[in-house]
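Here's model.txt, which has compact mmCIF, C-alpha atoms:
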```
# COMPACT_ATOMS: atom_id res chain seq x y z
CA MET A 1 23.91 14.23 55.46
CA VAL A 2 22.65 10.82 56.52
CA GLU A 3 25.51 8.33 56.85
CA PHE A 4 25.65 4.55 56.84
CA THR A 5 27.95 1.74 57.89
CA GLY A 6 29.95 -0.26 55.39
CA TRP A 7 27.51 -3.15 55.88
CA GLN A 8 24.55 -0.94 55.11
CA TYR A 9 26.24 0.28 51.92
CA LEU A 10 26.52 -3.35 50.81
CA LEU A 11 22.78 -3.76 51.37
CA ILE A 12 22.10 -0.57 49.40
CA ASP A 13 24.37 -1.79 46.62
CA ALA A 14 22.40 -5.01 46.19
CA ALA A 15 19.09 -3.13 46.19
CA ASN A 16 20.43 -0.66 43.64
CA SER A 17 21.33 -3.45 41.24
CA TRP A 18 17.93 -5.02 41.78
CA GLY A 19 16.40 -1.79 40.50
CA LEU A 20 15.46 0.04 43.68
CA ASP A 21 17.88 2.94 43.26
CA ASN A 22 14.96 5.39 43.02
CA GLU A 23 13.86 4.50 46.55
CA ILE A 24 15.10 6.30 49.67
CA TYR A 25 18.11 4.65 51.32
CA GLU A 26 16.12 3.25 54.22
CA ASN A 27 13.78 1.39 51.87
CA ARG A 28 16.71 -0.11 49.96
CA ILE A 29 18.33 -1.32 53.17
CA GLN A 30 15.03 -2.74 54.39
CA TRP A 31 14.42 -4.63 51.12
CA THR A 32 17.80 -6.35 51.29
CA GLU A 33 17.41 -7.15 54.97
CA ASP A 34 13.94 -8.62 54.35
CA ASN A 35 15.34 -10.83 51.58
CA LEU A 36 18.76 -11.50 53.08
CA GLU A 37 18.34 -15.27 53.22
CA VAL A 38 17.09 -15.64 49.65
CA LEU A 39 19.06 -13.09 47.64
CA GLU A 40 20.61 -15.72 45.35
CA GLN A 41 17.27 -17.42 44.70
CA LEU A 42 15.64 -14.11 43.85
CA GLY A 43 18.36 -13.41 41.32
CA GLU A 44 17.97 -16.77 39.61
CA LYS A 45 14.18 -16.65 39.69
CA ARG A 46 14.11 -13.24 38.04
CA GLY A 47 16.11 -14.45 35.06
CA ASP A 48 18.31 -12.05 33.13
CA TRP A 49 18.30 -8.29 33.42
CA LYS A 50 20.88 -5.61 32.70
CA GLU A 51 22.26 -5.27 36.22
CA LYS A 52 22.23 -8.99 37.10
CA PRO A 53 26.05 -9.42 37.13
CA LEU A 54 26.38 -6.44 39.47
CA TYR A 55 23.59 -7.78 41.67
CA LEU A 56 25.23 -11.20 42.01
CA LYS A 57 28.59 -9.56 42.74
CA ALA A 58 26.97 -7.49 45.48
CA VAL A 59 25.37 -10.61 46.96
CA GLN A 60 28.76 -12.39 46.95
CA ALA A 61 30.26 -9.44 48.85
CA ILE A 62 27.44 -9.65 51.41
CA ARG A 63 28.06 -13.36 51.92
CA ALA A 64 31.81 -12.85 52.26
CA THR A 65 31.23 -10.16 54.88
CA GLN A 66 28.84 -12.41 56.77
CA ALA A 67 31.60 -15.01 56.83
CA GLY A 68 33.99 -12.51 58.39
CA LYS A 69 36.18 -12.14 55.31
CA GLU A 70 37.82 -8.93 54.18
CA ILE A 71 36.48 -7.77 50.83
CA GLY A 72 37.69 -5.48 48.07
CA HIS A 73 34.22 -4.98 46.68
CA LEU A 74 33.45 -1.48 45.42
CA VAL A 75 30.02 0.06 45.80
CA GLY A 76 28.95 2.69 43.30
CA PHE A 77 26.74 5.77 43.52
CA ASP A 78 25.63 7.88 40.55
CA ALA A 79 24.96 11.59 40.35
CA ALA A 80 21.27 12.37 39.98
CA CYS A 81 20.81 13.77 36.44
CA SER A 82 24.40 15.04 36.41
CA GLY A 83 24.06 17.57 33.58
CA MET A 84 21.12 19.36 35.18
CA GLN A 85 22.71 19.01 38.60
CA ILE A 86 25.98 20.66 37.55
CA MET A 87 24.24 23.44 35.63
CA SER A 88 21.92 24.12 38.58
CA ALA A 89 24.84 24.39 40.99
CA MET A 90 26.68 26.74 38.62
CA THR A 91 23.64 29.02 38.28
CA GLY A 92 22.37 28.92 41.87
CA CYS A 93 19.11 27.39 40.66
CA ARG A 94 17.23 26.00 43.66
CA SER A 95 14.46 24.33 41.63
CA GLY A 96 16.97 22.45 39.45
CA ALA A 97 18.97 21.57 42.54
CA LEU A 98 15.83 20.22 44.20
CA ALA A 99 15.12 18.08 41.13
CA THR A 100 18.62 16.58 41.26
CA GLY A 101 19.00 15.75 44.95
CA LEU A 102 20.94 18.82 46.06
CA VAL A 103 18.31 20.36 48.34
CA ASP A 104 15.85 18.10 50.16
CA PRO A 105 17.83 15.63 52.34
CA ASN A 106 14.78 13.41 52.82
CA LYS A 107 13.81 12.93 49.19
CA ARG A 108 15.30 10.77 46.44
CA ALA A 109 14.94 13.22 43.58
CA ASP A 110 13.93 12.15 40.08
CA ALA A 111 14.09 15.01 37.57
CA TYR A 112 12.68 12.89 34.75
CA THR A 113 9.52 11.98 36.64
CA ASP A 114 9.19 15.57 37.84
CA CYS A 115 9.39 16.83 34.26
CA THR A 116 6.65 14.40 33.20
CA ASN A 117 4.40 15.46 36.07
CA ILE A 118 4.76 19.14 35.17
CA MET A 119 3.90 18.32 31.56
CA ARG A 120 0.76 16.48 32.64
CA GLN A 121 -0.35 19.62 34.49
CA LEU A 122 0.25 21.74 31.39
CA VAL A 123 -1.46 19.38 28.92
CA PRO A 124 -3.69 17.13 31.07
CA HIS A 125 -5.47 15.58 28.08
CA ALA A 126 -2.35 14.85 26.03
CA ASN A 127 -1.24 11.33 25.21
CA LEU A 128 2.15 11.43 26.94
CA PRO A 129 4.55 8.48 26.89
CA ASN A 130 4.74 6.52 30.11
CA LEU A 131 8.29 5.35 29.62
CA ARG A 132 10.59 7.19 32.01
CA ASP A 133 13.64 6.33 29.89
CA SER A 134 12.11 8.17 26.93
CA ILE A 135 11.60 11.32 28.98
CA LYS A 136 15.10 10.87 30.38
CA GLN A 137 16.65 10.86 26.93
CA ALA A 138 14.74 14.01 25.95
CA VAL A 139 15.71 15.88 29.13
CA MET A 140 19.38 14.90 29.03
CA THR A 141 19.96 15.73 25.39
CA SER A 142 17.89 18.93 25.39
CA LEU A 143 20.10 20.41 28.11
CA TYR A 144 23.04 19.84 25.76
CA GLY A 145 21.34 21.73 22.94
CA SER A 146 19.38 19.00 21.17
CA VAL A 147 15.97 19.81 19.68
CA LYS A 148 15.69 16.62 17.66
CA GLU A 149 15.36 14.19 20.57
CA PRO A 150 12.37 15.99 22.13
CA GLU A 151 10.79 16.27 18.66
CA LYS A 152 11.26 12.55 18.09
CA LEU A 153 9.37 11.85 21.30
CA PHE A 154 6.65 14.51 21.21
CA GLY A 155 6.44 15.43 17.54
CA LYS A 156 7.16 18.73 15.85
CA ASP A 157 5.05 21.81 16.64
CA THR A 158 2.79 19.86 19.00
CA PRO A 159 1.21 20.97 22.29
CA GLU A 160 3.21 18.19 23.95
CA LEU A 161 6.51 19.57 22.65
CA THR A 162 5.61 23.07 23.81
CA ALA A 163 4.67 21.65 27.21
CA PHE A 164 8.01 19.83 27.38
CA TRP A 165 10.03 23.02 26.91
CA LYS A 166 7.87 24.90 29.41
CA ALA A 167 8.18 22.06 31.93
CA LEU A 168 11.94 21.89 31.51
CA TYR A 169 12.28 25.62 32.13
CA LYS A 170 10.04 25.48 35.19
CA LEU A 171 11.97 22.48 36.51
CA ALA A 172 15.44 23.85 35.85
CA SER A 173 15.36 27.49 34.87
CA GLY A 174 19.02 28.03 35.73
CA ALA A 175 20.14 25.15 33.52
CA SER A 176 17.85 26.38 30.72
CA GLU A 177 19.29 29.90 30.86
CA LEU A 178 22.86 28.62 31.00
CA LEU A 179 22.08 26.35 28.03
CA GLN A 180 21.05 29.34 25.93
CA ALA A 181 24.17 31.27 26.95
CA LEU A 182 26.34 28.31 25.95
CA VAL A 183 24.57 27.82 22.62
CA ASP A 184 25.01 31.53 21.85
CA SER A 185 28.70 31.35 22.77
CA TRP A 186 29.62 29.65 19.50
CA GLN A 187 32.29 31.66 17.67
CA PRO A 188 31.41 31.57 13.94
CA TYR A 189 33.99 29.76 11.80
CA ALA A 190 36.41 29.29 14.70
CA LEU A 191 38.58 26.20 14.21
CA GLU A 192 38.45 25.44 17.93
CA HIS A 193 36.99 26.59 21.23
CA SER A 194 39.03 26.32 24.41
CA TRP A 195 38.82 27.24 28.08
CA LYS A 196 40.61 26.49 31.33
CA LEU A 197 39.00 24.73 34.27
CA PRO A 198 39.66 25.87 37.88
CA ASP A 199 42.38 23.24 38.35
CA GLY A 200 44.31 24.49 35.32
CA PHE A 201 43.25 21.75 32.91
CA THR A 202 42.53 23.06 29.42
CA ALA A 203 39.54 21.91 27.39
CA LYS A 204 40.32 22.34 23.70
CA ILE A 205 37.59 21.31 21.26
CA LYS A 206 38.34 21.38 17.56
CA THR A 207 35.50 22.17 15.18
CA LEU A 208 35.03 19.01 13.13
CA ASP A 209 32.66 18.39 10.26
CA THR A 210 32.07 15.76 7.61
CA VAL A 211 33.43 16.77 4.21
CA ASP A 212 32.61 15.11 0.87
CA LYS A 213 35.17 15.33 -1.87
CA ARG A 214 34.72 13.99 -5.38
CA ILE A 215 37.77 12.05 -6.56
CA SER A 216 38.39 11.45 -10.26
CA VAL A 217 40.81 8.68 -11.35
CA ASP A 218 42.39 9.30 -14.76
CA GLU A 219 43.80 5.79 -14.92
CA LEU A 220 40.24 4.42 -14.78
CA GLY A 221 39.01 6.48 -17.68
CA GLY A 222 37.85 9.37 -15.52
CA ALA A 223 35.75 7.24 -13.20
CA SER A 224 35.01 9.05 -9.95
CA PHE A 225 33.84 8.38 -6.44
CA THR A 226 32.98 10.40 -3.35
CA TYR A 227 35.44 10.30 -0.46
CA ARG A 228 33.93 11.30 2.90
CA TYR A 229 36.19 12.35 5.76
CA THR A 230 36.23 14.43 8.92
CA ASP A 231 38.17 17.68 8.85
CA ASN A 232 38.90 20.60 11.17
CA VAL A 233 36.77 23.27 9.51
CA GLY A 234 34.95 26.33 10.78
CA LEU A 235 31.17 26.28 11.10
CA GLU A 236 28.91 29.31 11.29
CA ARG A 237 26.57 27.86 13.90
CA GLU A 238 26.62 24.88 16.29
CA VAL A 239 25.30 23.92 19.72
CA LYS A 240 28.22 21.76 20.84
CA ASN A 241 29.59 24.23 23.38
CA ALA A 242 26.70 23.34 25.69
CA ALA A 243 27.56 19.66 25.99
CA ASN A 244 31.32 20.19 25.84
CA MET A 245 31.37 22.85 28.54
CA VAL A 246 29.20 20.88 30.98
CA HIS A 247 31.15 17.67 30.33
CA SER A 248 34.40 19.54 31.02
CA VAL A 249 33.02 20.65 34.41
CA ASP A 250 31.94 17.05 35.01
CA GLY A 251 35.55 15.98 34.40
CA TYR A 252 36.77 18.69 36.74
CA ILE A 253 34.48 17.40 39.49
CA LEU A 254 35.78 13.85 38.99
CA ARG A 255 39.37 15.05 39.33
CA CYS A 256 38.48 16.99 42.49
CA VAL A 257 36.88 13.92 44.06
CA VAL A 258 39.90 11.74 43.30
CA ARG A 259 42.38 14.35 44.58
CA ARG A 260 40.47 14.80 47.84
CA CYS A 261 39.93 11.10 48.48
CA ASN A 262 43.19 9.52 47.29
CA TYR A 263 45.66 12.10 48.55
CA ASP A 264 49.30 11.96 49.68
CA PRO A 265 49.03 12.32 53.48
CA VAL A 266 52.65 13.46 53.90
CA LEU A 267 52.21 16.23 51.33
CA ILE A 268 48.82 17.36 52.61
CA ASP A 269 49.98 17.37 56.23
CA ALA A 270 52.94 19.53 55.25
CA VAL A 271 50.76 21.95 53.28
CA ALA A 272 48.29 22.17 56.19
CA THR A 273 51.19 23.21 58.45
CA LEU A 274 52.44 25.74 55.90
CA ILE A 275 49.02 27.37 55.54
CA SER A 276 48.42 27.52 59.31
CA ALA A 277 51.83 29.09 59.86
CA GLU A 278 51.29 31.64 57.09
CA LEU A 279 47.85 32.64 58.39
CA LEU A 280 49.24 32.98 61.91
CA GLU A 281 52.15 35.08 60.64
CA ARG A 282 49.74 37.45 58.93
CA GLU A 283 47.74 37.80 62.13
CA LEU A 284 50.86 38.69 64.12
CA THR A 285 52.38 41.19 61.73
CA THR A 286 51.02 43.89 59.46
CA SER A 287 54.16 44.28 57.36
CA SER A 288 54.41 42.37 54.10
CA MET A 289 57.51 40.29 53.50
CA SER A 290 59.24 40.08 50.15
CA VAL A 291 60.55 36.69 49.13
CA ALA A 292 62.96 35.69 46.40
CA LEU A 293 61.35 33.20 44.04
CA SER A 294 62.83 31.35 41.11
CA THR A 295 61.14 31.86 37.75
CA ASP A 296 59.75 28.32 37.82
CA GLU A 297 58.34 28.72 41.32
CA LEU A 298 56.72 32.01 40.45
CA ASP A 299 55.32 30.89 37.10
CA VAL A 300 53.77 27.64 38.30
CA THR A 301 52.32 29.05 41.51
CA GLN A 302 50.98 32.14 39.76
CA TYR A 303 49.36 29.91 37.11
CA TYR A 304 47.20 28.20 39.73
CA ILE A 305 46.54 31.45 41.56
CA ASP A 306 45.19 32.88 38.30
CA GLN A 307 42.73 29.98 38.00
CA TYR A 308 41.47 30.75 41.50
CA LYS A 309 41.13 34.47 40.80
CA ARG A 310 39.01 33.83 37.72
CA SER A 311 36.66 31.20 39.07
CA GLY A 312 36.70 31.74 42.83
CA LEU A 313 37.31 28.02 43.27
CA ALA A 314 40.28 26.91 45.37
CA ASP A 315 41.77 23.61 44.30
CA ILE A 316 44.16 21.27 46.07
CA VAL A 317 45.99 20.80 42.77
CA ILE A 318 48.24 23.67 43.88
CA ALA A 319 49.48 21.71 46.92
CA PRO A 320 52.70 20.23 45.42
CA TYR A 321 53.89 23.74 44.52
CA LEU A 322 53.44 25.36 47.91
CA ASN A 323 56.45 25.93 50.16
CA GLU A 324 57.62 28.51 52.71
CA LYS A 325 58.09 31.06 49.91
CA THR A 326 55.28 30.43 47.43
CA VAL A 327 52.59 30.24 50.13
CA CYS A 328 53.16 33.97 50.67
CA LEU A 329 51.71 34.68 47.22
CA LEU A 330 48.22 33.44 48.11
CA THR A 331 45.54 35.77 49.43
CA LYS A 332 43.99 35.14 52.84
CA ALA A 333 40.73 34.06 51.18
CA HIS A 334 42.59 31.55 49.02
CA LEU A 335 44.49 30.16 52.01
CA LEU A 336 41.33 29.82 54.09
CA SER A 337 39.54 27.98 51.27
CA LEU A 338 42.42 25.55 50.89
CA GLN A 339 42.57 25.08 54.66
CA SER A 340 38.87 24.18 54.72
CA ILE A 341 39.32 21.61 51.94
CA ILE A 342 42.39 20.09 53.61
CA THR A 343 40.57 19.77 56.95
CA THR A 344 37.87 17.61 55.32
CA MET A 345 40.54 15.53 53.56
CA LEU A 346 42.55 14.82 56.70
CA ALA A 347 39.39 13.77 58.56
CA HIS A 348 39.80 10.37 56.92
CA LYS A 349 42.73 8.35 55.63
CA PRO A 350 43.19 8.35 51.84
CA PHE A 351 41.39 5.75 49.76
CA GLU A 352 41.09 4.78 46.11
CA VAL A 353 38.20 5.89 43.96
CA VAL A 354 37.06 4.65 40.55
CA THR A 355 35.09 7.13 38.46
CA ILE A 356 33.28 6.63 35.16
CA HIS A 357 31.52 9.83 34.07
CA ASP A 358 29.06 10.47 36.94
CA ASP A 359 29.48 7.05 38.58
CA PHE A 360 31.68 6.95 41.70
CA LYS A 361 32.92 3.71 43.25
CA CYS A 362 34.90 3.02 46.41
CA HIS A 363 35.10 0.54 49.27
CA PRO A 364 31.85 0.62 51.31
CA ASN A 365 33.73 1.74 54.44
CA ASN A 366 34.75 4.91 52.61
CA MET A 367 31.51 5.86 50.87
CA ASN A 368 30.40 8.37 53.55
CA HIS A 369 33.55 10.37 52.89
CA LEU A 370 33.25 10.19 49.11
CA ARG A 371 29.66 11.44 49.25
CA LYS A 372 30.72 14.26 51.59
CA HIS A 373 33.52 15.38 49.27
CA TYR A 374 31.20 15.33 46.25
CA ARG A 375 28.60 17.37 48.11
CA ASN A 376 31.22 19.91 49.23
CA ILE A 377 32.55 20.32 45.68
CA LEU A 378 29.06 21.05 44.34
CA ALA A 379 28.53 23.53 47.19
CA GLU A 380 31.79 25.28 46.37
CA ILE A 381 30.74 25.50 42.72
CA ALA A 382 27.45 27.07 43.82
CA ASP A 383 29.39 29.75 45.74
CA SER A 384 31.86 30.35 42.90
CA ASP A 385 32.01 32.42 39.73
CA LEU A 386 32.51 29.34 37.56
CA ALA A 387 29.69 30.07 35.11
CA SER A 388 30.91 33.64 34.56
CA ASP A 389 34.50 32.46 34.25
CA LEU A 390 33.85 29.80 31.61
CA LEU A 391 31.45 31.95 29.60
CA SER A 392 33.89 34.89 29.66
CA GLN A 393 36.62 32.65 28.31
CA ILE A 394 34.61 31.21 25.45
CA TYR A 395 32.93 34.53 24.53
CA GLN A 396 36.42 36.07 24.71
CA ARG A 397 35.17 39.04 26.67
CA LYS A 398 34.53 39.66 30.36
CA GLY A 399 30.98 39.13 31.55
CA THR A 400 28.90 38.06 34.54
CA PHE A 401 26.27 35.34 34.67
CA LYS A 402 23.71 36.38 37.28
CA LYS A 403 22.86 33.58 39.67
CA LEU A 404 19.28 32.82 40.58
CA SER A 405 20.03 32.54 44.31
CA PRO A 406 23.05 33.43 46.45
CA ASP A 407 22.72 30.77 49.16
CA LEU A 408 22.25 27.46 47.36
CA SER A 409 25.43 26.04 48.91
CA LYS A 410 23.90 25.84 52.39
CA TYR A 411 21.24 23.47 51.09
CA ILE A 412 23.75 21.41 49.12
CA ARG A 413 25.91 20.88 52.20
CA ASN A 414 22.90 19.35 53.94
CA SER A 415 21.87 17.13 51.03
CA ALA A 416 21.78 13.35 51.11
CA TYR A 417 20.97 12.34 47.54
CA ALA A 418 23.46 14.31 45.41
CA LEU A 419 24.93 10.89 44.74
CA CYS A 420 22.45 8.05 44.98
```
As C-alpha cells, how would this structure be written, given the file I've shared?
Amino acid sequence: MVEFTGWQYLLIDAANSWGLDNEIYENRIQWTEDNLEVLEQLGEKRGDWKEKPLYLKAVQAIRATQAGKEIGHLVGFDAACSGMQIMSAMTGCRSGALATGLVDPNKRADAYTDCTNIMRQLVPHANLPNLRDSIKQAVMTSLYGSVKEPEKLFGKDTPELTAFWKALYKLASGASELLQALVDSWQPYALEHSWKLPDGFTAKIKTLDTVDKRISVDELGGASFTYRYTDNVGLEREVKNAANMVHSVDGYILRCVVRRCNYDPVLIDAVATLISAELLERELTTSSMSVALSTDELDVTQYYIDQYKRSGLADIVIAPYLNEKTVCLLTKAHLLSLQSIITTMLAHKPFEVVTIHDDFKCHPNNMNHLRKHYRNILAEIADSDLASDLLSQIYQRKGTFKKLSPDLSKYIRNSAYALC
C-alpha cells in the first residue's frame, strides 16, 4: 500500500474537496503543490460549490502547518462504492473488488463509470445519460434491491435497462448473486428479522408498514376520516434484507476500525502477553489443563467464541474478557488471528477516529494506519465465512454461500484505493 506523510495527506485533502478525488493520489498532491500559493484565490474565484467549506478548512490547515503550528484538522477518506465493495469482499468477487479499489493498487477505481462503459459496449447506439451521479444512484440502490431507480433512469422494458442489469452482473457478479440470496431470505409475515454480527452486536429489524384506518366520530354525526400510521406488521414479500444486511456489515466494519485505531494500550499489551504465553504453553505441553471458571466468565467468553466459530472472523472485542483462565478456551486458530490483529494495532499508538457511514476521518499523521486497518478488515472478511453465517441466520437453517475466488484477500492487502 502506498503511504504518504501527514503533509501530503493535507494536500490530498484540499484536492479532494476541490473535486479531484477520482484522480490517483499523486495527481491530487501535484495539483495542490502547483497551486499552493493561490489556493485561497482559487476558492474565491470558483464561487460556491458543495465542498467549498471543507476546501477552505483544508487550506487553513495547510497554512497553519506552513507556519509551524500544531493542528487538529481531520482528513477524511471514503470507501469506494461501499455497498458493492463489502458485498464483493464477502463473496470473493475479484471483478467487483477491482471496481471498488480492492485489487489494483495503481488505479483509482470508479464502479459507476465502469458500469456505464460496459453498458455502452452492450448497447452502443443507445442514448445513455452522461451524468455519473445518475448512474451512481441506479447502481447503489439496485444492489439494495431497488428496481424502480434503474427504471426511472432507463425506462421500463427498454434495451438500456436490460443492458444495465447485464452490466451490473458483469461488473459485480458476487454482489449480484448475494443480492438475490438476500432478497430471497425474506421470511413471509415475520414481524422482525435479526442476526448477530461477528463482534456480537445484534441487528434486529422490525417489519414496518403503513396502515390506513378509517375512524368514525359519533359525536360529529358519524363523520369519518382516515388515520395513517406505521405499525409492526408482517409482510409476505420485501427486499429490505438486502440493504439492512449490508448496512449492518458496514456498521461492523466501522466498529472494527475504531476498536483497532483508538485502543487501550494497557489492555491490549496485557492481552498480547496472555496470548503469547498461552501459545507458548501449548507448544511446550501436549496435555490439556482444566481451569475453574465462574459462570459469568464462561458465559461472556463463550459468547464471543461462538461469534468467531460461526463467521470465522476474530474480533478484538473479546479482549476485555480474556485473562489467564479464559484465554485457555480459545482455539489456536482464534488465538493466532487475534495475535495478528493486535500486532498491527501495537505498531502505532492509539488515535481517535470519526466515522460517518463509509467516511473515515483522523489526523493526517495517522491516516496511513487507518487505511491499513480498513484494508486488513476487508481482507479478513474475504477470508471468512461471513456471507454463509449471516445468510444461515436469517434463513434460519445452515447453508454455505460459495465464494467466487478463494484468494481475494491477498489482493486486498496490497490495495491502495479501498479508501480514497
Where's the centre, and what are the edge lengths in Å to one decimal, of a box along x, y and z enclosing all listed atoms of region 200-218 of chain A padded 3 Å per side, as AutoDock Vina command-line options?
```
--center_x 38.2 --center_y 16.6 --center_z 10.3 --size_x 18.2 --size_y 21.8 --size_z 56.1
```
| Residues within 10 Å of Val300 (chain A), all atoms listed in the file, excluding chain neighbours under 4 positions, as a ChimeraX atom specification | /A:295-296,304-305,318,321-322,326
| said: For a quick check of understanding, using all atoms listed in the file, which of A:Ser95, A:Ser17, A:Asn262, A:Thr65 has the smallest distance to Tyr169 (chain A)? | reply: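 Answer, going by the shortest atom-to-atom distance: A:Ser95.
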| field | Which of A:Asp407, A:Glu40, A:Glu192, A:Asp264 sits closest to Lys204 (chain A) [using only C-alpha atoms] | value |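 Ranking A:Asp407, A:Glu40, A:Glu192, A:Asp264 by distance to Lys204 (chain A), first place goes to A:Glu192.
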| task | Would you mind listing what lies within 10 Å of Ser276 (chain A) as a ChimeraX atom specification, with all atoms listed in the file counted and same-chain residues fewer than 5 positions away left out? | result | /A:271,281,335-336,339
| request: Compile the contact shell of Lys196 (chain A) as a PyMOL selection string: residues with an atom at most 12 Å away, counting all atoms listed in the file, same-chain residues fewer than 5 positions apart removed. | output: chain A and resi 201-205+245+248-249+252+303-304+306-308+310-311+386+389-394
| task | Counting all atoms listed in the file, find the residues whose atoms lie at most 8 Å from (25.9, 25.8, 20.6) (file coordinates) and write them out as a ChimeraX atom specification. | result | /A:145,182-186,237-242
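Interatomic distance, CA of Trp31 (chain A) against CA of Ile12 (chain A): 8.9 Å.
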Give me the residues within 8 Å of region 112-117 of chain A as a PDB file with C-alpha atoms, in the coordinates of the input, counting only C-alpha atoms and dropping any in the same chain fewer than 4 places off.
```
ATOM      1  CA  ALA A  99      15.120  18.080  41.130  1.00  0.00           C
ATOM      2  CA  GLN A 121      -0.350  19.620  34.490  1.00  0.00           C
ATOM      3  CA  ARG A 132      10.590   7.190  32.010  1.00  0.00           C
ATOM      4  CA  ILE A 135      11.600  11.320  28.980  1.00  0.00           C
ATOM      5  CA  LYS A 136      15.100  10.870  30.380  1.00  0.00           C
ATOM      6  CA  VAL A 139      15.710  15.880  29.130  1.00  0.00           C
ATOM      7  CA  PHE A 164       8.010  19.830  27.380  1.00  0.00           C
ATOM      8  CA  ALA A 167       8.180  22.060  31.930  1.00  0.00           C
ATOM      9  CA  LEU A 168      11.940  21.890  31.510  1.00  0.00           C
ATOM     10  CA  LEU A 171      11.970  22.480  36.510  1.00  0.00           C
TER      11      LEU A 171
END
```
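You can rank A:Leu122, A:Ala67, A:Leu161, A:Leu74 by their closest distance to Val353 (chain A) using only C-alpha atoms, and at the top of that list sits A:Leu74.
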| message | When you count all atoms listed in the file, which of these residues is closest to Val291 (chain A): A:Lys325, A:Lys309, A:Lys69, A:His363? | response | A:Lys325
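Using all atoms listed in the file, the nearest neighbour of Ala163 (chain A) within the list A:Glu297, A:Asp48, A:Glu151, A:Asp269 is A:Glu151.
With all atoms listed in the file as the basis for measurement, A:Ser415 is the residue among A:Asn323, A:Thr141, A:Ser194, A:Ser415 that approaches Leu102 (chain A) most closely.
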| task | For CA of Pro159 (chain A) and CA of Ser176 (chain A), determine how far apart the two atoms are, in Å to one decimal place. | result | 19.4 Å
